[in-house]
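The structure file query22.cif is reproduced below (mmCIF, C-alpha atoms).
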data_run
loop_
_atom_site.label_atom_id
_atom_site.label_comp_id
_atom_site.auth_asym_id
_atom_site.auth_seq_id
_atom_site.Cartn_x
_atom_site.Cartn_y
_atom_site.Cartn_z
CA MET R 1 -35.26 99.09 116.55
CA ILE R 2 -31.54 98.42 116.18
CA SER R 3 -29.39 99.85 113.41
CA PRO R 4 -29.20 97.75 110.22
CA ALA R 5 -26.33 95.29 109.91
CA GLY R 6 -23.31 96.68 108.09
CA ILE R 7 -20.96 94.92 105.72
CA HIS R 8 -18.59 94.12 108.60
CA GLY R 9 -18.97 93.09 112.21
CA GLY R 10 -17.85 95.29 115.07
CA ASP R 11 -20.68 97.82 114.61
CA VAL R 12 -21.20 98.06 118.35
CA GLU R 13 -21.14 101.87 118.39
CA ALA R 14 -24.01 102.13 115.89
CA VAL R 15 -26.07 99.49 117.69
CA ALA R 16 -25.48 101.14 121.06
CA ARG R 17 -26.68 104.49 119.69
CA SER R 18 -29.84 102.90 118.28
CA LEU R 19 -30.54 101.24 121.65
CA GLY R 20 -29.63 104.33 123.69
CA VAL R 21 -27.06 102.48 125.79
CA PRO R 22 -23.28 102.86 126.31
CA PRO R 23 -21.20 100.72 123.92
CA ASP R 24 -19.38 99.11 126.85
CA SER R 25 -22.70 97.72 128.09
CA LEU R 26 -22.93 95.39 125.08
CA LEU R 27 -21.17 92.06 124.68
CA ASP R 28 -19.82 92.39 121.13
CA LEU R 29 -19.67 88.94 119.55
CA SER R 30 -19.91 90.38 116.04
CA ALA R 31 -16.14 91.02 116.05
CA SER R 32 -14.09 87.81 116.19
CA LEU R 33 -11.39 88.72 118.70
CA ASN R 34 -9.17 86.48 120.80
CA PRO R 35 -11.03 85.48 123.99
CA ALA R 36 -7.79 84.18 125.55
CA ALA R 37 -5.71 87.35 125.17
CA PRO R 38 -5.11 89.54 128.21
CA ASN R 39 -6.76 92.94 128.47
CA PRO R 40 -4.36 95.19 126.53
CA GLY R 41 -5.35 98.32 128.43
CA PRO R 42 -2.80 98.22 131.29
CA LEU R 43 0.11 97.49 128.94
CA LEU R 44 -0.93 100.21 126.51
CA ALA R 45 -1.22 102.68 129.37
CA ARG R 46 2.49 102.23 130.10
CA HIS R 47 3.27 103.37 126.55
CA LEU R 48 1.09 106.48 126.44
CA PRO R 49 4.15 108.81 126.40
CA ALA R 50 4.70 107.59 122.82
CA ILE R 51 1.73 109.63 121.59
CA VAL R 52 3.78 112.86 121.82
CA ARG R 53 6.45 111.48 119.45
CA TYR R 54 6.34 110.64 115.76
CA PRO R 55 6.07 106.87 115.25
CA ASP R 56 9.13 104.74 114.52
CA PRO R 57 8.20 101.13 113.62
CA THR R 58 11.80 99.82 113.70
CA ARG R 59 11.65 98.00 117.05
CA ALA R 60 8.11 96.75 116.44
CA THR R 61 9.06 95.34 113.02
CA ALA R 62 12.09 93.55 114.47
CA ALA R 63 9.99 92.11 117.31
CA LEU R 64 7.35 90.75 114.95
CA ALA R 65 9.97 89.34 112.56
CA ASP R 66 11.52 87.51 115.51
CA ALA R 67 8.12 86.13 116.57
CA LEU R 68 7.36 84.96 113.03
CA GLY R 69 10.86 83.57 112.55
CA VAL R 70 11.41 85.52 109.32
CA ASP R 71 13.91 88.05 108.01
CA GLY R 72 12.73 91.56 108.82
CA SER R 73 13.40 92.63 105.24
CA ARG R 74 10.33 90.59 104.18
CA LEU R 75 8.01 92.28 106.68
CA LEU R 76 6.00 95.52 106.63
CA LEU R 77 3.79 96.74 109.48
CA THR R 78 0.52 98.32 108.37
CA ASN R 79 -2.47 100.22 109.71
CA GLY R 80 -4.43 97.05 110.35
CA GLY R 81 -4.92 94.12 108.04
CA ALA R 82 -7.15 96.32 105.87
CA GLU R 83 -4.21 98.45 104.78
CA ALA R 84 -2.14 95.35 104.03
CA ILE R 85 -4.92 94.08 101.73
CA ALA R 86 -5.19 97.47 100.01
CA LEU R 87 -1.43 97.66 99.42
CA VAL R 88 -1.29 94.22 97.81
CA ALA R 89 -4.26 95.02 95.59
CA ARG R 90 -2.62 98.23 94.37
CA LEU R 91 0.41 96.34 93.08
CA HIS R 92 -1.56 93.24 92.03
CA PRO R 93 -4.94 94.70 90.97
CA ALA R 94 -6.32 91.59 89.22
CA GLY R 95 -7.15 88.48 91.20
CA TRP R 96 -9.60 85.65 91.78
CA VAL R 97 -11.89 85.42 94.82
CA GLU R 98 -14.11 82.40 95.52
CA ASP R 99 -17.17 83.39 97.55
CA PRO R 100 -18.16 83.36 100.30
CA GLU R 101 -15.08 85.35 101.20
CA PHE R 102 -13.95 88.46 103.06
CA SER R 103 -15.41 91.47 101.26
CA LEU R 104 -12.30 93.67 101.30
CA TYR R 105 -10.62 91.63 98.56
CA ARG R 106 -13.32 92.46 96.02
CA ARG R 107 -13.45 96.03 97.28
CA HIS R 108 -9.78 96.70 96.53
CA LEU R 109 -9.15 94.52 93.49
CA THR R 110 -9.89 96.38 90.26
CA GLU R 111 -10.48 93.17 88.29
CA ILE R 112 -11.91 89.84 89.43
CA ARG R 113 -10.41 87.42 86.94
CA PRO R 114 -11.34 83.70 86.98
CA GLY R 115 -8.11 81.75 87.03
CA GLY R 116 -6.16 84.82 88.14
CA PRO R 117 -3.98 85.07 91.26
CA ARG R 118 -6.05 83.54 94.04
CA TRP R 119 -6.88 85.40 97.26
CA ARG R 120 -7.84 83.13 100.17
CA SER R 121 -8.46 83.75 103.84
CA ASN R 122 -7.19 80.91 106.00
CA PRO R 123 -9.23 79.89 107.86
CA ARG R 124 -11.87 81.07 105.42
CA ASN R 125 -13.90 84.02 106.58
CA PRO R 126 -16.84 83.40 107.01
CA THR R 127 -16.97 79.57 107.11
CA GLY R 128 -14.16 79.27 109.68
CA LEU R 129 -12.60 76.23 107.99
CA LEU R 130 -8.88 75.86 107.37
CA ALA R 131 -7.53 75.34 103.88
CA ASP R 132 -6.31 71.89 102.97
CA PRO R 133 -2.49 71.70 103.01
CA SER R 134 -2.59 70.98 99.27
CA GLU R 135 -4.38 74.22 98.46
CA HIS R 136 -2.44 77.06 96.88
CA ALA R 137 -3.06 80.81 96.90
CA SER R 138 -1.11 83.80 95.67
CA VAL R 139 -2.30 85.84 98.66
CA TRP R 140 -3.06 84.21 102.01
CA ASP R 141 -4.94 86.23 104.61
CA GLU R 142 -3.82 84.71 107.91
CA ALA R 143 -5.59 87.10 110.28
CA PHE R 144 -7.13 84.18 112.17
CA TYR R 145 -4.59 81.45 111.37
CA PRO R 146 -2.68 81.66 114.69
CA LEU R 147 -5.83 81.13 116.77
CA ALA R 148 -6.91 78.20 114.58
CA THR R 149 -3.58 76.38 114.59
CA GLY R 150 -1.31 77.69 117.35
CA ALA R 151 1.29 78.69 114.73
CA TRP R 152 1.99 82.07 113.18
CA THR R 153 1.82 81.04 109.51
CA ARG R 154 1.53 78.01 107.26
CA GLY R 155 4.79 79.16 105.70
CA ASP R 156 4.14 79.24 101.94
CA ARG R 157 7.29 81.03 100.87
CA ASP R 158 6.05 81.71 97.32
CA ALA R 159 2.90 83.57 98.46
CA ILE R 160 2.15 86.99 99.92
CA VAL R 161 0.73 86.85 103.44
CA VAL R 162 -1.42 89.53 105.05
CA GLY R 163 -2.15 89.44 108.75
CA SER R 164 -3.96 91.31 111.50
CA LEU R 165 -2.53 91.47 114.99
CA THR R 166 -5.52 93.41 116.26
CA LYS R 167 -7.63 90.22 116.25
CA LEU R 168 -4.95 88.16 117.95
CA LEU R 169 -4.12 90.81 120.57
CA ARG R 170 -7.75 91.89 121.10
CA CYS R 171 -7.24 95.54 120.19
CA PRO R 172 -9.04 96.36 116.90
CA GLY R 173 -9.04 100.06 117.68
CA LEU R 174 -5.24 100.11 117.73
CA ARG R 175 -4.90 99.00 114.07
CA ILE R 176 -1.85 96.74 113.69
CA GLY R 177 -1.51 94.59 110.59
CA TYR R 178 1.36 93.28 108.54
CA LEU R 179 2.46 92.17 105.12
CA LEU R 180 4.93 89.31 104.59
CA VAL R 181 6.39 89.05 101.09
CA PRO R 182 7.98 85.98 99.47
CA ASP R 183 11.71 85.43 99.37
CA GLY R 184 13.25 87.62 96.69
CA ASP R 185 10.39 90.13 96.63
CA ASP R 186 10.97 93.73 97.67
CA VAL R 187 8.81 94.87 100.56
CA GLU R 188 9.83 98.46 99.84
CA ARG R 189 7.57 98.37 96.77
CA PHE R 190 4.63 98.16 99.14
CA ALA R 191 6.09 100.54 101.72
CA ALA R 192 6.38 103.24 99.04
CA LEU R 193 2.59 103.19 98.70
CA GLN R 194 1.92 103.77 102.41
CA PRO R 195 1.12 107.18 103.83
CA ARG R 196 3.92 108.43 106.06
CA TRP R 197 3.60 107.24 109.67
CA SER R 198 1.00 104.65 108.75
CA LEU R 199 1.52 102.72 111.98
CA ASN R 200 0.53 104.92 114.91
CA GLY R 201 2.98 105.71 117.69
CA LEU R 202 1.18 103.86 120.47
CA ALA R 203 1.07 100.67 118.40
CA ALA R 204 4.73 100.97 117.41
CA ALA R 205 5.83 101.51 121.00
CA ALA R 206 3.67 98.84 122.62
CA LEU R 207 3.92 96.00 120.10
CA PRO R 208 7.24 94.51 121.32
CA ASP R 209 5.81 94.16 124.85
CA MET R 210 2.49 92.85 123.54
CA LEU R 211 4.28 90.14 121.59
CA GLU R 212 6.05 89.04 124.78
CA GLN R 213 2.62 88.02 126.13
CA VAL R 214 1.74 85.85 123.14
CA ASP R 215 1.42 82.09 123.72
CA LEU R 216 -0.03 80.74 120.49
CA PRO R 217 -0.30 77.04 121.46
CA ALA R 218 -2.04 77.87 124.74
CA TRP R 219 -4.32 80.45 123.14
CA ALA R 220 -5.33 78.12 120.30
CA ALA R 221 -6.08 75.34 122.80
CA GLU R 222 -8.22 77.70 124.89
CA VAL R 223 -10.10 78.90 121.80
CA SER R 224 -10.79 75.27 120.86
CA ARG R 225 -12.09 74.51 124.36
CA LEU R 226 -14.33 77.58 124.46
CA ARG R 227 -15.56 76.94 120.91
CA LEU R 228 -16.76 73.48 121.96
CA GLN R 229 -18.61 75.02 124.92
CA LEU R 230 -20.19 77.60 122.61
CA HIS R 231 -21.23 74.83 120.22
CA GLU R 232 -22.91 72.90 123.04
CA LEU R 233 -24.60 76.04 124.38
CA LEU R 234 -26.11 76.87 121.00
CA LEU R 235 -27.40 73.31 120.57
CA ARG R 236 -29.12 73.52 123.96
CA HIS R 237 -31.03 76.54 122.71
CA GLY R 238 -32.22 74.74 119.58
CA LEU R 239 -29.81 76.45 117.20
CA MET R 240 -27.62 74.78 114.57
CA PRO R 241 -23.92 75.70 114.78
CA LEU R 242 -21.77 74.69 111.82
CA PRO R 243 -18.28 73.10 112.05
CA SER R 244 -15.42 75.59 112.46
CA ASP R 245 -11.67 75.67 113.09
CA SER R 246 -11.79 79.34 114.07
CA ASN R 247 -12.66 81.63 116.96
CA TRP R 248 -16.25 81.90 115.74
CA LEU R 249 -19.18 79.73 114.71
CA LEU R 250 -21.73 80.19 111.95
CA VAL R 251 -25.23 79.50 113.26
CA ARG R 252 -28.50 78.58 111.57
CA GLY R 253 -31.92 78.08 113.08
CA GLU R 254 -33.05 81.64 113.83
CA PRO R 255 -32.79 84.17 110.98
CA ARG R 256 -33.47 87.15 113.27
CA LEU R 257 -30.86 86.28 115.87
CA ARG R 258 -29.06 89.64 115.67
CA GLU R 259 -32.29 91.58 116.19
CA LEU R 260 -33.43 89.32 119.02
CA LEU R 261 -30.20 89.37 121.02
CA ALA R 262 -29.28 93.06 120.75
CA PRO R 263 -31.97 94.30 123.20
CA HIS R 264 -30.57 91.76 125.67
CA GLY R 265 -27.10 93.24 125.45
CA VAL R 266 -25.42 90.82 123.01
CA LEU R 267 -24.39 91.70 119.45
CA VAL R 268 -23.76 89.02 116.81
CA ARG R 269 -22.90 89.28 113.12
CA ASP R 270 -25.57 89.02 110.44
CA CYS R 271 -24.03 87.19 107.46
CA SER R 272 -26.25 88.57 104.71
CA SER R 273 -23.27 90.54 103.39
CA PHE R 274 -21.58 87.17 102.72
CA ASP R 275 -24.68 86.13 100.75
CA LEU R 276 -25.60 83.85 103.65
CA PRO R 277 -29.09 85.10 104.60
CA GLY R 278 -30.50 83.72 107.81
CA VAL R 279 -27.03 82.86 109.14
CA ALA R 280 -25.36 84.54 112.11
CA ARG R 281 -21.68 84.54 113.04
CA ILE R 282 -20.94 84.39 116.76
CA ALA R 283 -17.44 85.00 118.06
CA VAL R 284 -16.16 82.59 120.70
CA PRO R 285 -16.42 84.46 124.02
CA ASP R 286 -14.58 83.89 127.28
CA ALA R 287 -16.26 82.07 130.18
CA ASP R 288 -18.10 85.16 131.42
CA GLY R 289 -19.24 85.89 127.89
CA LEU R 290 -20.60 82.37 127.51
CA GLU R 291 -22.71 82.81 130.64
CA ARG R 292 -24.00 86.15 129.43
CA LEU R 293 -24.83 84.76 125.99
CA ASP R 294 -26.63 81.82 127.62
CA ARG R 295 -28.87 84.18 129.61
CA ALA R 296 -29.52 86.43 126.60
CA LEU R 297 -30.47 83.50 124.37
CA ALA R 298 -32.84 82.11 127.01
CA CYS R 299 -34.64 85.45 127.27
CA ALA R 300 -34.61 86.38 123.61
CA LEU R 301 -35.72 83.02 122.23
CA TRP R 302 -38.41 82.59 124.91
CA GLU R 303 -39.85 86.01 124.07
CA ASN R 304 -39.75 85.23 120.35
CA ARG R 305 -41.56 81.91 120.78
CA ARG R 306 -44.36 83.14 123.01
#

Using structure tokens, write down the structure from this file.
Amino acid sequence: MISPAGIHGGDVEAVARSLGVPPDSLLDLSASLNPAAPNPGPLLARHLPAIVRYPDPTRATAALADALGVDGSRLLLTNGGAEAIALVARLHPAGWVEDPEFSLYRRHLTEIRPGGPRWRSNPRNPTGLLADPSEHASVWDEAFYPLATGAWTRGDRDAIVVGSLTKLLRCPGLRIGYLLVPDGDDVERFAALQPRWSLNGLAAAALPDMLEQVDLPAWAAEVSRLRLQLHELLLRHGLMPLPSDSNWLLVRGEPRLRELLAPHGVLVRDCSSFDLPGVARIAVPDADGLERLDRALACALWENRR
């Protein structure tokens, strides 16, 4: 019996404990990470001396501002995208969220007000579809935008943008997010709400070098290619993948997919927390991951249909 699905993906540790296996033995497709990014381990290892110093985000902030093509005075690095969301909600506690949508917005907003400032993930999490260019939001969550488009941001200069580099750089345990404020806003208003040394020292030291490895157009093209292969693979197994612009697919056709795949070493996201019962979210894996998922589906679905 595997552990129950949580409100987020990435619960590989809990599932591994329930199965009695090491976490590294599971292919975690419940967390939608970048399948095209290099393994960050070797680069991070070169920056381990930073852990004996207090963090200084100055160089990392300048490097990210340069990558985004924005003035560094508009940018604040955060402890993952989750902290960026929490900071915005503290200064703008009333907003409007159209479900299905990422649960952290409702968690941190103190008032959900129809017609209020709109919060919108782009592409939408969980559907994976990009917003129409005509759409407007007061807060755009662009955690997955670079992998869907090959560009850092859609560039709405009158909106607040929150982002998560840990998805793009395939390092969710490192916790690197950011907040980009509109022209004329004061990012220090948000910085004043952060705990001191919010960005850890390893992240601050390594981020400039990690950004040097980023190739958004190539990564987005590779995600698109792998997503098509994943779509075709799922169809071959009698499942029904839905259209997506993102590095994941929503899948219908087997409501117990998470339970069936976990004993075969593959973890996918149950979408009940999005009020989408019977739907699974499967992150786009690399080529090796596709082969492993193919084998796991063949075994799991055959056993279930006997």

Sphere at (-27.9, 79.5, 107.9), radius 9 Å, counting all atoms listed in the file: residues as a ChimeraX atom specification: /R:240-242,250-255,271,276-280

Can I get the selected residues back with C-alpha atoms, as a compact mmCIF listing (two decimals), keeping the file's coordinate frame?
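This went into part-v4.txt:
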# COMPACT_ATOMS: atom_id res chain seq x y z
CA MET R 240 -27.62 74.78 114.57
CA PRO R 241 -23.92 75.70 114.78
CA LEU R 242 -21.77 74.69 111.82
CA LEU R 250 -21.73 80.19 111.95
CA VAL R 251 -25.23 79.50 113.26
CA ARG R 252 -28.50 78.58 111.57
CA GLY R 253 -31.92 78.08 113.08
CA GLU R 254 -33.05 81.64 113.83
CA PRO R 255 -32.79 84.17 110.98
CA CYS R 271 -24.03 87.19 107.46
CA LEU R 276 -25.60 83.85 103.65
CA PRO R 277 -29.09 85.10 104.60
CA GLY R 278 -30.50 83.72 107.81
CA VAL R 279 -27.03 82.86 109.14
CA ALA R 280 -25.36 84.54 112.11

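Remark: for Leu202 of chain R, the closest of the candidate residues R:Leu174, R:Ala287, R:Val266, R:Leu216 is R:Leu174 (distances computed over all atoms listed in the file).
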
Selection near segment 114-128 of chain R, 8 Å with all atoms listed in the file, sequence-local residues under 5 positions removed, as a PyMOL selection string: chain R and resi 94-98+100-102+105+136-145+148+243-250+274+281

Selected residues written out with C-alpha atoms, as a short mmCIF file (atom, residue, chain, number, x, y, z; two decimals), in the coordinates of the input:
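New file again.cif:
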data_model
loop_
_atom_site.label_atom_id
_atom_site.label_comp_id
_atom_site.auth_asym_id
_atom_site.auth_seq_id
_atom_site.Cartn_x
_atom_site.Cartn_y
_atom_site.Cartn_z
CA ALA R 94 -6.32 91.59 89.22
CA GLY R 95 -7.15 88.48 91.20
CA TRP R 96 -9.60 85.65 91.78
CA VAL R 97 -11.89 85.42 94.82
CA GLU R 98 -14.11 82.40 95.52
CA PRO R 100 -18.16 83.36 100.30
CA GLU R 101 -15.08 85.35 101.20
CA PHE R 102 -13.95 88.46 103.06
CA TYR R 105 -10.62 91.63 98.56
CA HIS R 136 -2.44 77.06 96.88
CA ALA R 137 -3.06 80.81 96.90
CA SER R 138 -1.11 83.80 95.67
CA VAL R 139 -2.30 85.84 98.66
CA TRP R 140 -3.06 84.21 102.01
CA ASP R 141 -4.94 86.23 104.61
CA GLU R 142 -3.82 84.71 107.91
CA ALA R 143 -5.59 87.10 110.28
CA PHE R 144 -7.13 84.18 112.17
CA TYR R 145 -4.59 81.45 111.37
CA ALA R 148 -6.91 78.20 114.58
CA PRO R 243 -18.28 73.10 112.05
CA SER R 244 -15.42 75.59 112.46
CA ASP R 245 -11.67 75.67 113.09
CA SER R 246 -11.79 79.34 114.07
CA ASN R 247 -12.66 81.63 116.96
CA TRP R 248 -16.25 81.90 115.74
CA LEU R 249 -19.18 79.73 114.71
CA LEU R 250 -21.73 80.19 111.95
CA PHE R 274 -21.58 87.17 102.72
CA ARG R 281 -21.68 84.54 113.04
#

Can you turn the PyMOL selection byres ((chain R and resi 11-23) around 12) into a concrete residue list for this file, as an mmCIF file with C-alpha atoms, in the frame of the given file?
data_model
loop_
_atom_site.group_PDB
_atom_site.id
_atom_site.type_symbol
_atom_site.label_atom_id
_atom_site.label_comp_id
_atom_site.auth_asym_id
_atom_site.auth_seq_id
_atom_site.Cartn_x
_atom_site.Cartn_y
_atom_site.Cartn_z
ATOM 1 C CA MET R 1 -35.260 99.090 116.550
ATOM 2 C CA ILE R 2 -31.540 98.420 116.180
ATOM 3 C CA SER R 3 -29.390 99.850 113.410
ATOM 4 C CA PRO R 4 -29.200 97.750 110.220
ATOM 5 C CA ALA R 5 -26.330 95.290 109.910
ATOM 6 C CA GLY R 6 -23.310 96.680 108.090
ATOM 7 C CA ILE R 7 -20.960 94.920 105.720
ATOM 8 C CA HIS R 8 -18.590 94.120 108.600
ATOM 9 C CA GLY R 9 -18.970 93.090 112.210
ATOM 10 C CA GLY R 10 -17.850 95.290 115.070
ATOM 11 C CA ASP R 24 -19.380 99.110 126.850
ATOM 12 C CA SER R 25 -22.700 97.720 128.090
ATOM 13 C CA LEU R 26 -22.930 95.390 125.080
ATOM 14 C CA LEU R 27 -21.170 92.060 124.680
ATOM 15 C CA ASP R 28 -19.820 92.390 121.130
ATOM 16 C CA LEU R 29 -19.670 88.940 119.550
ATOM 17 C CA SER R 30 -19.910 90.380 116.040
ATOM 18 C CA ALA R 31 -16.140 91.020 116.050
ATOM 19 C CA PRO R 172 -9.040 96.360 116.900
ATOM 20 C CA ARG R 258 -29.060 89.640 115.670
ATOM 21 C CA GLU R 259 -32.290 91.580 116.190
ATOM 22 C CA LEU R 261 -30.200 89.370 121.020
ATOM 23 C CA ALA R 262 -29.280 93.060 120.750
ATOM 24 C CA PRO R 263 -31.970 94.300 123.200
ATOM 25 C CA HIS R 264 -30.570 91.760 125.670
ATOM 26 C CA GLY R 265 -27.100 93.240 125.450
ATOM 27 C CA VAL R 266 -25.420 90.820 123.010
ATOM 28 C CA LEU R 267 -24.390 91.700 119.450
ATOM 29 C CA VAL R 268 -23.760 89.020 116.810
ATOM 30 C CA ARG R 269 -22.900 89.280 113.120
ATOM 31 C CA ASP R 270 -25.570 89.020 110.440
#

Residues matched by the PyMOL selection byres ((chain R and resi 182) around 8), written as a VMD selection string: chain R and resid 74 157 to 160 180 to 181 183 to 185

Expected selection from the PyMOL selection byres ((chain R and resi 73) around 12), given as a list in words: Thr58, Thr61, Ala62, Leu64, Ala65, Asp66, Gly69, Val70, Asp71, Gly72, Arg74, Leu75, Leu76, Leu77, Leu179, Leu180, Val181, Pro182, Asp183, Gly184, Asp185, Asp186, Val187, Glu188, Arg189 and Ala191 of chain R

Straight-line distance linking atom CA of Pro133 of chain R with atom CA of Trp219 of chain R, stated in Å to one decimal: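 For atom CA of Pro133 of chain R relative to atom CA of Trp219 of chain R, the distance reads 22.0 Å.
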
Near-Leu211 of chain R list (9 Å; all atoms listed in the file; drop same-chain fewer than 2 positions) as an NGL selection string: :R and (63-64 or 67 or 169 or 206-209 or 213-215)

Closest of R:Pro285, R:Pro146, R:Gly177, R:Gly155 to Ala82 of chain R - atom-to-atom distances counting only C-alpha atoms: R:Gly177

For atom CA of Leu129 of chain R and atom CA of Gly238 of chain R, the interatomic separation in Å (one decimal):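 Computed distance, atom CA of Leu129 of chain R to atom CA of Gly238 of chain R, equals 22.8 Å.
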
Which of R:Ser103, R:Ala192, R:Leu147, R:Leu297 sits closest to Arg225 of chain R [using all atoms listed in the file]: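 Nearest to Arg225 of chain R: R:Leu147.
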
Distance in Å - atom CA of Leu290 of chain R versus atom CA of Ala36 of chain R: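 For atom CA of Leu290 of chain R relative to atom CA of Ala36 of chain R, the distance reads 13.1 Å.
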
Among listed residues R:Leu87, R:Leu230, R:Leu301, R:Val161, nearest Ser198 of chain R (using only C-alpha atoms): R:Leu87

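For the set R:Leu239, R:Val52, R:Leu168, R:Ala221, the residue with the smallest atom-to-atom gap to Gly150 of chain R is R:Ala221, counting all atoms listed in the file.
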
Closest of R:Gly163, R:Asp288, R:Ser224, R:Ala205 to Ala45 of chain R - atom-to-atom distances counting only C-alpha atoms: R:Ala205

Incomplete segment 173-196 of chain R brought to N, CA and C atoms, written out as a PDB file, keeping the file's coordinate frame:
ATOM      1  N   GLY R 173      -9.157  98.615 117.789  1.00  0.00           N
ATOM      2  CA  GLY R 173      -9.040 100.060 117.680  1.00  0.00           C
ATOM      3  C   GLY R 173      -7.626 100.554 117.518  1.00  0.00           C
ATOM      4  N   LEU R 174      -6.650  99.706 117.812  1.00  0.00           N
ATOM      5  CA  LEU R 174      -5.240 100.110 117.730  1.00  0.00           C
ATOM      6  C   LEU R 174      -4.702 100.027 116.311  1.00  0.00           C
ATOM      7  N   ARG R 175      -5.263  99.138 115.481  1.00  0.00           N
ATOM      8  CA  ARG R 175      -4.900  99.000 114.070  1.00  0.00           C
ATOM      9  C   ARG R 175      -3.446  98.586 113.879  1.00  0.00           C
ATOM     10  N   ILE R 176      -3.182  97.300 113.969  1.00  0.00           N
ATOM     11  CA  ILE R 176      -1.850  96.740 113.690  1.00  0.00           C
ATOM     12  C   ILE R 176      -2.022  95.554 112.753  1.00  0.00           C
ATOM     13  N   GLY R 177      -1.522  95.692 111.539  1.00  0.00           N
ATOM     14  CA  GLY R 177      -1.510  94.590 110.590  1.00  0.00           C
ATOM     15  C   GLY R 177      -0.110  94.417 110.036  1.00  0.00           C
ATOM     16  N   TYR R 178       0.036  93.475 109.129  1.00  0.00           N
ATOM     17  CA  TYR R 178       1.360  93.280 108.540  1.00  0.00           C
ATOM     18  C   TYR R 178       1.243  92.614 107.179  1.00  0.00           C
ATOM     19  N   LEU R 179       2.316  92.739 106.449  1.00  0.00           N
ATOM     20  CA  LEU R 179       2.460  92.170 105.120  1.00  0.00           C
ATOM     21  C   LEU R 179       3.788  91.424 105.093  1.00  0.00           C
ATOM     22  N   LEU R 180       3.736  90.151 104.689  1.00  0.00           N
ATOM     23  CA  LEU R 180       4.930  89.310 104.590  1.00  0.00           C
ATOM     24  C   LEU R 180       5.093  88.904 103.140  1.00  0.00           C
ATOM     25  N   VAL R 181       6.197  89.317 102.519  1.00  0.00           N
ATOM     26  CA  VAL R 181       6.390  89.050 101.090  1.00  0.00           C
ATOM     27  C   VAL R 181       7.254  87.813 100.898  1.00  0.00           C
ATOM     28  N   PRO R 182       7.162  87.182  99.726  1.00  0.00           N
ATOM     29  CA  PRO R 182       7.980  85.980  99.470  1.00  0.00           C
ATOM     30  C   PRO R 182       9.470  86.314  99.423  1.00  0.00           C
ATOM     31  N   ASP R 183      10.262  85.281  99.561  1.00  0.00           N
ATOM     32  CA  ASP R 183      11.710  85.430  99.370  1.00  0.00           C
ATOM     33  C   ASP R 183      11.983  86.048  98.003  1.00  0.00           C
ATOM     34  N   GLY R 184      12.868  87.012  97.967  1.00  0.00           N
ATOM     35  CA  GLY R 184      13.250  87.620  96.690  1.00  0.00           C
ATOM     36  C   GLY R 184      12.383  88.787  96.281  1.00  0.00           C
ATOM     37  N   ASP R 185      11.224  88.968  96.931  1.00  0.00           N
ATOM     38  CA  ASP R 185      10.390  90.130  96.630  1.00  0.00           C
ATOM     39  C   ASP R 185      10.926  91.328  97.408  1.00  0.00           C
ATOM     40  N   ASP R 186      10.474  92.501  97.056  1.00  0.00           N
ATOM     41  CA  ASP R 186      10.970  93.730  97.670  1.00  0.00           C
ATOM     42  C   ASP R 186       9.832  94.384  98.442  1.00  0.00           C
ATOM     43  N   VAL R 187       9.882  94.303  99.752  1.00  0.00           N
ATOM     44  CA  VAL R 187       8.810  94.870 100.560  1.00  0.00           C
ATOM     45  C   VAL R 187       8.726  96.388 100.413  1.00  0.00           C
ATOM     46  N   GLU R 188       9.836  97.017  99.996  1.00  0.00           N
ATOM     47  CA  GLU R 188       9.830  98.460  99.840  1.00  0.00           C
ATOM     48  C   GLU R 188       8.874  98.913  98.736  1.00  0.00           C
ATOM     49  N   ARG R 189       8.563  98.025  97.799  1.00  0.00           N
ATOM     50  CA  ARG R 189       7.570  98.370  96.770  1.00  0.00           C
ATOM     51  C   ARG R 189       6.229  98.686  97.407  1.00  0.00           C
ATOM     52  N   PHE R 190       5.887  97.939  98.436  1.00  0.00           N
ATOM     53  CA  PHE R 190       4.630  98.160  99.140  1.00  0.00           C
ATOM     54  C   PHE R 190       4.756  99.344 100.106  1.00  0.00           C
ATOM     55  N   ALA R 191       5.893  99.442 100.781  1.00  0.00           N
ATOM     56  CA  ALA R 191       6.090 100.540 101.720  1.00  0.00           C
ATOM     57  C   ALA R 191       5.990 101.898 101.038  1.00  0.00           C
ATOM     58  N   ALA R 192       6.414 101.976  99.779  1.00  0.00           N
ATOM     59  CA  ALA R 192       6.380 103.240  99.040  1.00  0.00           C
ATOM     60  C   ALA R 192       4.950 103.726  98.808  1.00  0.00           C
ATOM     61  N   LEU R 193       3.979 102.824  98.919  1.00  0.00           N
ATOM     62  CA  LEU R 193       2.590 103.190  98.700  1.00  0.00           C
ATOM     63  C   LEU R 193       1.888 103.628  99.992  1.00  0.00           C
ATOM     64  N   GLN R 194       2.526 103.405 101.134  1.00  0.00           N
ATOM     65  CA  GLN R 194       1.920 103.770 102.410  1.00  0.00           C
ATOM     66  C   GLN R 194       1.973 105.278 102.642  1.00  0.00           C
ATOM     67  N   PRO R 195       0.954 105.840 103.314  1.00  0.00           N
ATOM     68  CA  PRO R 195       1.120 107.180 103.830  1.00  0.00           C
ATOM     69  C   PRO R 195       2.242 107.198 104.875  1.00  0.00           C
ATOM     70  N   ARG R 196       2.873 108.321 105.047  1.00  0.00           N
ATOM     71  CA  ARG R 196       3.920 108.430 106.060  1.00  0.00           C
ATOM     72  C   ARG R 196       3.316 108.209 107.440  1.00  0.00           C
TER      73      ARG R 196
END
